[in-house]
Amino acid sequence: MKTSIYATLAAVTLALPAMAQDAGDPAKGEKEFKKCKACHMIQTPDGTDVVKGGKTGPNLYGVVGRKAGTEEGFKYSDALVKLGEAGEIWTTEDLGHYITDPNKYVEDKVGDASLKTKMTFKLAKNQADVVAFLAQNSPDAGAAPAEAPAEAPAAAEAPAAN
């Protein structure tokens with residue numbers, strides 16, 4: 001009996017760092033975001049810069065929980081517009097996949113390989129950290145998972161309508 005308890009405790013103890021890593025570390029993500037700020041800024045609605053950055057890409061303040069391709073004042077690619085029309089609400093999980101390979105992500109979600117995003121950069125590692133940092137700067141992040149299932153029927157119907 002004691003051996004079983006010790007084995008279970010050892011397994012849980014070893015699994016905790018892996019589970020924590022999946023959640024991401026916002027402090028590490030802030031450092032990793034330096035790669036992103038060449039194109040993106042994080043600026044609050046009142047104009048306060050969280051991260052000064054470029055304007056090639058949209059402002060990423062509040063991206064978690066936001067409908068894809070809808071940041072006011074930014075001209076999105078057809079790929080991101082279609083993704084938003086399909087009902088995509090950015091969750092931390094989806095953003096992690098998107099920043100790994102933006103075009104593949106859109107193709108998988110929308111089903112159209114001809115659609116290309118403007119984002120050519122692919123983040124090869126530390127995606128969970130960057131996404132945790134973005135979630136920290138997204139006041140509506142807690143609402144994202146609840147909204148995603150409600151939007152799912154629209155996403156399922158959109159490709160059939162095209």
# chains A, B, ... in the order shown; residues from 1 in each chain; ligands from 1

$ closest_atom_pairs --of "stretch 42-87 of chain A" --to "stretch 114-125 of chain A" --cutoff "9 Å" --atoms "only C-alpha atoms" --output "tab-separated table"
residue	atom	partner	partner_atom	distance
A:Gly57	CA	A:Met119	CA	7.8
A:Tyr76	CA	A:Lys118	CA	7.8
A:Ser77	CA	A:Thr117	CA	5.6
A:Asp78	CA	A:Leu115	CA	6.8
A:Ala79	CA	A:Leu115	CA	4.9
A:Leu80	CA	A:Thr117	CA	6.5
A:Lys82	CA	A:Leu115	CA	8.7

$ atom_distance --atom1 "atom CA of A:Ala113" --atom2 "atom CA of A:Lys75"
20.6 Å

$ residues_around --residues "A:Thr44" --least-positions-apart "6" --cutoff "12 Å" --atoms "only C-alpha atoms" --output "PyMOL selection string"
chain A and resi 50-52+59-63+137-139

$ closest_residue --among "A:Asp129, A:Asp108, A:Asp49, A:Asp140" --to "A:Lys31" --atoms "only C-alpha atoms"
A:Asp129

$ closest_residue --among "A:Glu72, A:Asp46, A:Asp25, A:Glu93" --to "A:Phe133" --atoms "only C-alpha atoms"
A:Asp25
